[in-house]
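Participant: The structure is given below, and queries will be raised subsequently.
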Amino acid sequence: MIRHAAAADFEFIYELYMHPLINPWLLYEPMNAHNFKPIFEELNSRTVLYVYEHNDIPVGMCKLVPEEHRSAHVLYIGGIGIHPSFAGNGYGVKLMEEIKLFADAEGYKRLELSVAIINEKAIRVYEKAGFEKEGVLRRYTYQKSENRYLDEVMMSCLL
């Protein structure tokens, strides 16, 4: 199940965002907890940060960001991560299916995300969950800590 993140989820979310296996694929450069706290609080105040649980145990996270106006039928998915201790058990696909159920219940018609073109594992998960590639965003992400740009593939799922 997915649920809105709460203040008590800070440590779990911080650990996921900064985990060396997950961080290269997410938005924020590595930082200490003190510097991440305002980011967490801002995301929480916008109610776009979610925790994915299995049997009441936090397993992963995501951001679900609604678009507005003529794109109000679109839900952008970001910050997707499954804790590495739960990797390889199908939780990535299960999280995406939960997101689809949530989005459908809320009336969204289109889900979209972008993913580093070299993140083949994530692309396979999204494809298993029914997402399709739509195009490449060239030099879309800049990883300052590695001084490199990454191309990202735009993917979507129509509900």
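If you're wondering about the labels, chains in the structure tokens are A, B, ... by order shown, residues count from 1 in each chain, ligands from 1 in order shown.
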Quick one: residues within 12 Å of Ala8 of chain A, only C-alpha atoms, excluding same-chain residues fewer than 6 positions away - as a PyMOL selection string?

Facilitator: chain A and resi 14+37+40-41+44+51+58

Participant: Under the rule that only C-alpha atoms are counted, which of A:Tyr76, A:Phe36, A:Tyr50, A:Tyr140 is the nearest residue to Arg110 of chain A?

Facilitator: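 Using only C-alpha atoms, Arg110 of chain A sits closest to A:Tyr76.
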
Participant: Name the residues of segment 27-143 of chain A that come out as alpha helix (DSSP H) in a backbone DSSP run; write them as a PyMOL selection string.

Facilitator: chain A and resi 33-45+91-105+120-128

Participant: So that I can see what lies close to segment 119-121 of chain A, please list as a ChimeraX atom specification the residues with an atom at most 12 Å from it, counting only C-alpha atoms and leaving out residues fewer than 5 positions away in the same chain.

Facilitator: /A:21-22,24-26,81,87-88,90,92-93,114,126-128,150-153

Participant: Pick out the residues sitting within 7 Å of segment 64-73 of chain A, and hand them over as a PDB file with C-alpha atoms, in the first residue's frame; count only C-alpha atoms, and ignore anything fewer than 6 positions along from it in its own chain.

Facilitator:
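As written to disk, out-v1.pdb reads:
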```
ATOM      1  CA  VAL A  48       3.564  14.696  -2.829  1.00  0.00           C
ATOM      2  CA  LEU A  49       5.835  12.297  -0.927  1.00  0.00           C
ATOM      3  CA  TYR A 108      -5.859  10.593 -13.480  1.00  0.00           C
ATOM      4  CA  LYS A 109      -5.684   9.369 -17.068  1.00  0.00           C
ATOM      5  CA  ARG A 110      -1.946   9.554 -17.727  1.00  0.00           C
TER       6      ARG A 110
END
```

Participant: List every residue of chain A that DSSP, applied to the backbone of this structure, assigns to strand (DSSP E or B), and report them as a PDB file with N, CA, C and O atoms, in the first residue's frame.

Facilitator:
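Dumped to states-v7.pdb:
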```pdb
ATOM      1  N   ILE A   2       0.385   2.304  -0.619  1.00  0.00           N
ATOM      2  CA  ILE A   2       1.091   3.580  -0.542  1.00  0.00           C
ATOM      3  C   ILE A   2       0.308   4.513   0.374  1.00  0.00           C
ATOM      4  O   ILE A   2      -0.912   4.445   0.442  1.00  0.00           O
ATOM      5  N   ARG A   3       1.062   5.340   1.070  1.00  0.00           N
ATOM      6  CA  ARG A   3       0.449   6.313   1.972  1.00  0.00           C
ATOM      7  C   ARG A   3       1.300   7.570   1.954  1.00  0.00           C
ATOM      8  O   ARG A   3       2.490   7.532   1.604  1.00  0.00           O
ATOM      9  N   HIS A   4       0.676   8.694   2.332  1.00  0.00           N
ATOM     10  CA  HIS A   4       1.440   9.932   2.449  1.00  0.00           C
ATOM     11  C   HIS A   4       2.554   9.738   3.473  1.00  0.00           C
ATOM     12  O   HIS A   4       2.354   9.097   4.504  1.00  0.00           O
ATOM     13  N   LEU A  49       4.906  13.360  -1.300  1.00  0.00           N
ATOM     14  CA  LEU A  49       5.835  12.297  -0.927  1.00  0.00           C
ATOM     15  C   LEU A  49       5.055  11.130  -0.322  1.00  0.00           C
ATOM     16  O   LEU A  49       4.235  11.323   0.571  1.00  0.00           O
ATOM     17  N   TYR A  50       5.325   9.933  -0.837  1.00  0.00           N
ATOM     18  CA  TYR A  50       4.602   8.736  -0.408  1.00  0.00           C
ATOM     19  C   TYR A  50       5.577   7.646   0.022  1.00  0.00           C
ATOM     20  O   TYR A  50       6.694   7.547  -0.500  1.00  0.00           O
ATOM     21  N   VAL A  51       5.110   6.822   0.944  1.00  0.00           N
ATOM     22  CA  VAL A  51       5.850   5.647   1.396  1.00  0.00           C
ATOM     23  C   VAL A  51       5.086   4.423   0.915  1.00  0.00           C
ATOM     24  O   VAL A  51       3.862   4.357   1.022  1.00  0.00           O
ATOM     25  N   TYR A  52       5.815   3.468   0.379  1.00  0.00           N
ATOM     26  CA  TYR A  52       5.234   2.191  -0.028  1.00  0.00           C
ATOM     27  C   TYR A  52       5.545   1.173   1.057  1.00  0.00           C
ATOM     28  O   TYR A  52       6.698   0.978   1.431  1.00  0.00           O
ATOM     29  N   GLU A  53       4.498   0.524   1.575  1.00  0.00           N
ATOM     30  CA  GLU A  53       4.652  -0.448   2.641  1.00  0.00           C
ATOM     31  C   GLU A  53       4.157  -1.824   2.188  1.00  0.00           C
ATOM     32  O   GLU A  53       3.238  -1.926   1.386  1.00  0.00           O
ATOM     33  N   HIS A  54       4.789  -2.838   2.743  1.00  0.00           N
ATOM     34  CA  HIS A  54       4.324  -4.209   2.583  1.00  0.00           C
ATOM     35  C   HIS A  54       4.228  -4.800   3.982  1.00  0.00           C
ATOM     36  O   HIS A  54       5.215  -4.800   4.735  1.00  0.00           O
ATOM     37  N   ILE A  57       5.459  -2.582   6.776  1.00  0.00           N
ATOM     38  CA  ILE A  57       6.896  -2.293   6.828  1.00  0.00           C
ATOM     39  C   ILE A  57       7.250  -1.412   5.637  1.00  0.00           C
ATOM     40  O   ILE A  57       6.945  -1.755   4.488  1.00  0.00           O
ATOM     41  N   PRO A  58       7.894  -0.255   5.875  1.00  0.00           N
ATOM     42  CA  PRO A  58       8.310   0.600   4.747  1.00  0.00           C
ATOM     43  C   PRO A  58       9.309  -0.134   3.861  1.00  0.00           C
ATOM     44  O   PRO A  58      10.305  -0.669   4.339  1.00  0.00           O
ATOM     45  N   VAL A  59       8.996  -0.170   2.569  1.00  0.00           N
ATOM     46  CA  VAL A  59       9.814  -0.876   1.594  1.00  0.00           C
ATOM     47  C   VAL A  59      10.367   0.093   0.558  1.00  0.00           C
ATOM     48  O   VAL A  59      11.470  -0.081   0.046  1.00  0.00           O
ATOM     49  N   GLY A  60       9.586   1.138   0.225  1.00  0.00           N
ATOM     50  CA  GLY A  60      10.005   2.055  -0.819  1.00  0.00           C
ATOM     51  C   GLY A  60       9.313   3.393  -0.694  1.00  0.00           C
ATOM     52  O   GLY A  60       8.612   3.670   0.285  1.00  0.00           O
ATOM     53  N   MET A  61       9.522   4.214  -1.713  1.00  0.00           N
ATOM     54  CA  MET A  61       8.966   5.568  -1.724  1.00  0.00           C
ATOM     55  C   MET A  61       8.732   6.020  -3.147  1.00  0.00           C
ATOM     56  O   MET A  61       9.225   5.426  -4.106  1.00  0.00           O
ATOM     57  N   CYS A  62       8.004   7.126  -3.259  1.00  0.00           N
ATOM     58  CA  CYS A  62       7.831   7.801  -4.543  1.00  0.00           C
ATOM     59  C   CYS A  62       7.275   9.191  -4.288  1.00  0.00           C
ATOM     60  O   CYS A  62       6.772   9.487  -3.213  1.00  0.00           O
ATOM     61  N   LYS A  63       7.396  10.035  -5.309  1.00  0.00           N
ATOM     62  CA  LYS A  63       6.714  11.325  -5.319  1.00  0.00           C
ATOM     63  C   LYS A  63       5.625  11.234  -6.375  1.00  0.00           C
ATOM     64  O   LYS A  63       5.868  10.723  -7.472  1.00  0.00           O
ATOM     65  N   LEU A  64       4.441  11.704  -6.046  1.00  0.00           N
ATOM     66  CA  LEU A  64       3.333  11.753  -6.996  1.00  0.00           C
ATOM     67  C   LEU A  64       2.923  13.211  -7.104  1.00  0.00           C
ATOM     68  O   LEU A  64       2.350  13.776  -6.173  1.00  0.00           O
ATOM     69  N   VAL A  65       3.242  13.810  -8.239  1.00  0.00           N
ATOM     70  CA  VAL A  65       3.076  15.248  -8.422  1.00  0.00           C
ATOM     71  C   VAL A  65       2.012  15.510  -9.482  1.00  0.00           C
ATOM     72  O   VAL A  65       2.241  15.257 -10.672  1.00  0.00           O
ATOM     73  N   PRO A  66       0.849  16.015  -9.080  1.00  0.00           N
ATOM     74  CA  PRO A  66      -0.205  16.295 -10.054  1.00  0.00           C
ATOM     75  C   PRO A  66       0.139  17.499 -10.920  1.00  0.00           C
ATOM     76  O   PRO A  66       0.682  18.490 -10.430  1.00  0.00           O
ATOM     77  N   VAL A  74      -2.856  14.465 -15.673  1.00  0.00           N
ATOM     78  CA  VAL A  74      -1.535  13.839 -15.666  1.00  0.00           C
ATOM     79  C   VAL A  74      -0.962  13.828 -14.250  1.00  0.00           C
ATOM     80  O   VAL A  74      -1.009  14.831 -13.539  1.00  0.00           O
ATOM     81  N   LEU A  75      -0.409  12.693 -13.877  1.00  0.00           N
ATOM     82  CA  LEU A  75       0.287  12.552 -12.601  1.00  0.00           C
ATOM     83  C   LEU A  75       1.736  12.191 -12.908  1.00  0.00           C
ATOM     84  O   LEU A  75       2.002  11.181 -13.564  1.00  0.00           O
ATOM     85  N   TYR A  76       2.666  13.051 -12.457  1.00  0.00           N
ATOM     86  CA  TYR A  76       4.090  12.785 -12.649  1.00  0.00           C
ATOM     87  C   TYR A  76       4.607  11.967 -11.473  1.00  0.00           C
ATOM     88  O   TYR A  76       4.344  12.290 -10.323  1.00  0.00           O
ATOM     89  N   ILE A  77       5.358  10.914 -11.779  1.00  0.00           N
ATOM     90  CA  ILE A  77       5.934  10.049 -10.754  1.00  0.00           C
ATOM     91  C   ILE A  77       7.435  10.306 -10.699  1.00  0.00           C
ATOM     92  O   ILE A  77       8.123  10.218 -11.711  1.00  0.00           O
ATOM     93  N   GLY A  78       7.934  10.610  -9.522  1.00  0.00           N
ATOM     94  CA  GLY A  78       9.372  10.838  -9.349  1.00  0.00           C
ATOM     95  C   GLY A  78       9.851  10.217  -8.055  1.00  0.00           C
ATOM     96  O   GLY A  78       9.063   9.692  -7.263  1.00  0.00           O
ATOM     97  N   GLY A  79      11.131  10.302  -7.829  1.00  0.00           N
ATOM     98  CA  GLY A  79      11.705   9.828  -6.576  1.00  0.00           C
ATOM     99  C   GLY A  79      11.373   8.396  -6.240  1.00  0.00           C
ATOM    100  O   GLY A  79      11.191   8.051  -5.079  1.00  0.00           O
ATOM    101  N   ILE A  80      11.327   7.545  -7.247  1.00  0.00           N
ATOM    102  CA  ILE A  80      10.944   6.153  -7.035  1.00  0.00           C
ATOM    103  C   ILE A  80      12.142   5.378  -6.506  1.00  0.00           C
ATOM    104  O   ILE A  80      13.223   5.424  -7.082  1.00  0.00           O
ATOM    105  N   GLY A  81      11.938   4.672  -5.406  1.00  0.00           N
ATOM    106  CA  GLY A  81      13.015   3.861  -4.857  1.00  0.00           C
ATOM    107  C   GLY A  81      12.499   2.746  -3.977  1.00  0.00           C
ATOM    108  O   GLY A  81      11.574   2.946  -3.192  1.00  0.00           O
ATOM    109  N   ILE A  82      13.091   1.593  -4.127  1.00  0.00           N
ATOM    110  CA  ILE A  82      12.840   0.450  -3.249  1.00  0.00           C
ATOM    111  C   ILE A  82      14.120   0.243  -2.441  1.00  0.00           C
ATOM    112  O   ILE A  82      15.222   0.224  -3.005  1.00  0.00           O
ATOM    113  N   ARG A 110      -3.289   9.752 -17.191  1.00  0.00           N
ATOM    114  CA  ARG A 110      -1.946   9.554 -17.727  1.00  0.00           C
ATOM    115  C   ARG A 110      -0.942   9.640 -16.584  1.00  0.00           C
ATOM    116  O   ARG A 110      -0.981  10.576 -15.782  1.00  0.00           O
ATOM    117  N   LEU A 111      -0.047   8.666 -16.532  1.00  0.00           N
ATOM    118  CA  LEU A 111       1.067   8.686 -15.602  1.00  0.00           C
ATOM    119  C   LEU A 111       2.338   8.848 -16.411  1.00  0.00           C
ATOM    120  O   LEU A 111       2.470   8.246 -17.480  1.00  0.00           O
ATOM    121  N   GLU A 112       3.263   9.656 -15.917  1.00  0.00           N
ATOM    122  CA  GLU A 112       4.515   9.814 -16.642  1.00  0.00           C
ATOM    123  C   GLU A 112       5.682   9.919 -15.677  1.00  0.00           C
ATOM    124  O   GLU A 112       5.514  10.276 -14.499  1.00  0.00           O
ATOM    125  N   LEU A 113       6.847   9.557 -16.201  1.00  0.00           N
ATOM    126  CA  LEU A 113       8.084   9.608 -15.431  1.00  0.00           C
ATOM    127  C   LEU A 113       9.236   9.705 -16.404  1.00  0.00           C
ATOM    128  O   LEU A 113       9.082   9.461 -17.595  1.00  0.00           O
ATOM    129  N   SER A 114      10.386  10.078 -15.875  1.00  0.00           N
ATOM    130  CA  SER A 114      11.600  10.006 -16.672  1.00  0.00           C
ATOM    131  C   SER A 114      12.613   9.197 -15.891  1.00  0.00           C
ATOM    132  O   SER A 114      12.605   9.170 -14.661  1.00  0.00           O
ATOM    133  N   VAL A 115      13.474   8.506 -16.629  1.00  0.00           N
ATOM    134  CA  VAL A 115      14.445   7.601 -16.019  1.00  0.00           C
ATOM    135  C   VAL A 115      15.726   7.659 -16.837  1.00  0.00           C
ATOM    136  O   VAL A 115      15.681   7.755 -18.066  1.00  0.00           O
ATOM    137  N   ALA A 116      16.867   7.638 -16.149  1.00  0.00           N
ATOM    138  CA  ALA A 116      18.154   7.651 -16.850  1.00  0.00           C
ATOM    139  C   ALA A 116      18.190   6.504 -17.855  1.00  0.00           C
ATOM    140  O   ALA A 116      17.846   5.373 -17.537  1.00  0.00           O
ATOM    141  N   GLU A 132       5.380   2.799 -21.305  1.00  0.00           N
ATOM    142  CA  GLU A 132       6.011   2.739 -22.621  1.00  0.00           C
ATOM    143  C   GLU A 132       6.945   3.925 -22.800  1.00  0.00           C
ATOM    144  O   GLU A 132       6.674   5.020 -22.306  1.00  0.00           O
ATOM    145  N   LYS A 133       8.023   3.682 -23.541  1.00  0.00           N
ATOM    146  CA  LYS A 133       8.969   4.757 -23.850  1.00  0.00           C
ATOM    147  C   LYS A 133       8.334   5.718 -24.840  1.00  0.00           C
ATOM    148  O   LYS A 133       7.665   5.287 -25.784  1.00  0.00           O
ATOM    149  N   GLU A 134       8.570   7.010 -24.624  1.00  0.00           N
ATOM    150  CA  GLU A 134       8.016   8.030 -25.523  1.00  0.00           C
ATOM    151  C   GLU A 134       9.083   8.860 -26.211  1.00  0.00           C
ATOM    152  O   GLU A 134       8.819   9.463 -27.229  1.00  0.00           O
ATOM    153  N   GLY A 135      10.251   8.955 -25.655  1.00  0.00           N
ATOM    154  CA  GLY A 135      11.303   9.750 -26.263  1.00  0.00           C
ATOM    155  C   GLY A 135      12.450   9.952 -25.296  1.00  0.00           C
ATOM    156  O   GLY A 135      12.369   9.597 -24.124  1.00  0.00           O
ATOM    157  N   VAL A 136      13.517  10.534 -25.812  1.00  0.00           N
ATOM    158  CA  VAL A 136      14.719  10.753 -25.022  1.00  0.00           C
ATOM    159  C   VAL A 136      14.890  12.240 -24.741  1.00  0.00           C
ATOM    160  O   VAL A 136      14.753  13.075 -25.647  1.00  0.00           O
ATOM    161  N   LEU A 137      15.172  12.545 -23.485  1.00  0.00           N
ATOM    162  CA  LEU A 137      15.495  13.902 -23.060  1.00  0.00           C
ATOM    163  C   LEU A 137      17.021  13.962 -22.959  1.00  0.00           C
ATOM    164  O   LEU A 137      17.616  13.385 -22.044  1.00  0.00           O
ATOM    165  N   ARG A 138      17.645  14.626 -23.931  1.00  0.00           N
ATOM    166  CA  ARG A 138      19.102  14.620 -24.013  1.00  0.00           C
ATOM    167  C   ARG A 138      19.721  15.505 -22.937  1.00  0.00           C
ATOM    168  O   ARG A 138      19.246  16.601 -22.679  1.00  0.00           O
ATOM    169  N   ARG A 139      20.787  14.981 -22.323  1.00  0.00           N
ATOM    170  CA  ARG A 139      21.533  15.699 -21.275  1.00  0.00           C
ATOM    171  C   ARG A 139      20.576  16.328 -20.261  1.00  0.00           C
ATOM    172  O   ARG A 139      20.720  17.478 -19.874  1.00  0.00           O
ATOM    173  N   TYR A 140      19.621  15.553 -19.809  1.00  0.00           N
ATOM    174  CA  TYR A 140      18.543  16.059 -18.964  1.00  0.00           C
ATOM    175  C   TYR A 140      18.954  16.204 -17.502  1.00  0.00           C
ATOM    176  O   TYR A 140      18.547  17.128 -16.829  1.00  0.00           O
ATOM    177  N   THR A 141      19.744  15.277 -17.017  1.00  0.00           N
ATOM    178  CA  THR A 141      20.165  15.291 -15.616  1.00  0.00           C
ATOM    179  C   THR A 141      21.656  15.578 -15.545  1.00  0.00           C
ATOM    180  O   THR A 141      22.437  14.994 -16.304  1.00  0.00           O
ATOM    181  N   TYR A 142      22.023  16.448 -14.612  1.00  0.00           N
ATOM    182  CA  TYR A 142      23.438  16.712 -14.369  1.00  0.00           C
ATOM    183  C   TYR A 142      23.798  16.209 -12.986  1.00  0.00           C
ATOM    184  O   TYR A 142      23.213  16.641 -11.990  1.00  0.00           O
ATOM    185  N   GLN A 143      24.717  15.270 -12.931  1.00  0.00           N
ATOM    186  CA  GLN A 143      25.202  14.752 -11.655  1.00  0.00           C
ATOM    187  C   GLN A 143      26.477  15.503 -11.306  1.00  0.00           C
ATOM    188  O   GLN A 143      27.558  15.185 -11.802  1.00  0.00           O
ATOM    189  N   ARG A 148      28.849  14.782 -14.738  1.00  0.00           N
ATOM    190  CA  ARG A 148      28.375  14.183 -15.989  1.00  0.00           C
ATOM    191  C   ARG A 148      26.886  14.456 -16.184  1.00  0.00           C
ATOM    192  O   ARG A 148      26.132  14.603 -15.232  1.00  0.00           O
ATOM    193  N   TYR A 149      26.525  14.506 -17.450  1.00  0.00           N
ATOM    194  CA  TYR A 149      25.125  14.631 -17.841  1.00  0.00           C
ATOM    195  C   TYR A 149      24.611  13.249 -18.233  1.00  0.00           C
ATOM    196  O   TYR A 149      25.357  12.435 -18.784  1.00  0.00           O
ATOM    197  N   LEU A 150      23.329  13.026 -17.955  1.00  0.00           N
ATOM    198  CA  LEU A 150      22.694  11.775 -18.347  1.00  0.00           C
ATOM    199  C   LEU A 150      21.478  12.065 -19.222  1.00  0.00           C
ATOM    200  O   LEU A 150      20.711  12.991 -18.934  1.00  0.00           O
ATOM    201  N   ASP A 151      21.325  11.281 -20.262  1.00  0.00           N
ATOM    202  CA  ASP A 151      20.090  11.318 -21.032  1.00  0.00           C
ATOM    203  C   ASP A 151      19.032  10.560 -20.242  1.00  0.00           C
ATOM    204  O   ASP A 151      19.349   9.605 -19.520  1.00  0.00           O
ATOM    205  N   GLU A 152      17.790  10.988 -20.362  1.00  0.00           N
ATOM    206  CA  GLU A 152      16.693  10.285 -19.714  1.00  0.00           C
ATOM    207  C   GLU A 152      15.656   9.926 -20.768  1.00  0.00           C
ATOM    208  O   GLU A 152      15.496  10.620 -21.762  1.00  0.00           O
ATOM    209  N   VAL A 153      14.980   8.817 -20.529  1.00  0.00           N
ATOM    210  CA  VAL A 153      13.887   8.409 -21.398  1.00  0.00           C
ATOM    211  C   VAL A 153      12.584   8.783 -20.704  1.00  0.00           C
ATOM    212  O   VAL A 153      12.429   8.584 -19.503  1.00  0.00           O
ATOM    213  N   MET A 154      11.692   9.389 -21.462  1.00  0.00           N
ATOM    214  CA  MET A 154      10.363   9.719 -20.945  1.00  0.00           C
ATOM    215  C   MET A 154       9.485   8.501 -21.159  1.00  0.00           C
ATOM    216  O   MET A 154       9.480   7.908 -22.245  1.00  0.00           O
ATOM    217  N   MET A 155       8.761   8.126 -20.105  1.00  0.00           N
ATOM    218  CA  MET A 155       7.865   6.967 -20.184  1.00  0.00           C
ATOM    219  C   MET A 155       6.502   7.358 -19.663  1.00  0.00           C
ATOM    220  O   MET A 155       6.374   8.252 -18.816  1.00  0.00           O
ATOM    221  N   SER A 156       5.470   6.696 -20.179  1.00  0.00           N
ATOM    222  CA  SER A 156       4.119   6.978 -19.697  1.00  0.00           C
ATOM    223  C   SER A 156       3.281   5.706 -19.699  1.00  0.00           C
ATOM    224  O   SER A 156       3.618   4.715 -20.348  1.00  0.00           O
ATOM    225  N   CYS A 157       2.196   5.813 -18.974  1.00  0.00           N
ATOM    226  CA  CYS A 157       1.179   4.753 -18.927  1.00  0.00           C
ATOM    227  C   CYS A 157      -0.170   5.450 -18.980  1.00  0.00           C
ATOM    228  O   CYS A 157      -0.439   6.353 -18.180  1.00  0.00           O
ATOM    229  N   LEU A 158      -0.997   5.050 -19.932  1.00  0.00           N
ATOM    230  CA  LEU A 158      -2.330   5.609 -20.046  1.00  0.00           C
ATOM    231  C   LEU A 158      -3.306   4.715 -19.300  1.00  0.00           C
ATOM    232  O   LEU A 158      -3.307   3.500 -19.485  1.00  0.00           O
TER     233      LEU A 158
END
```
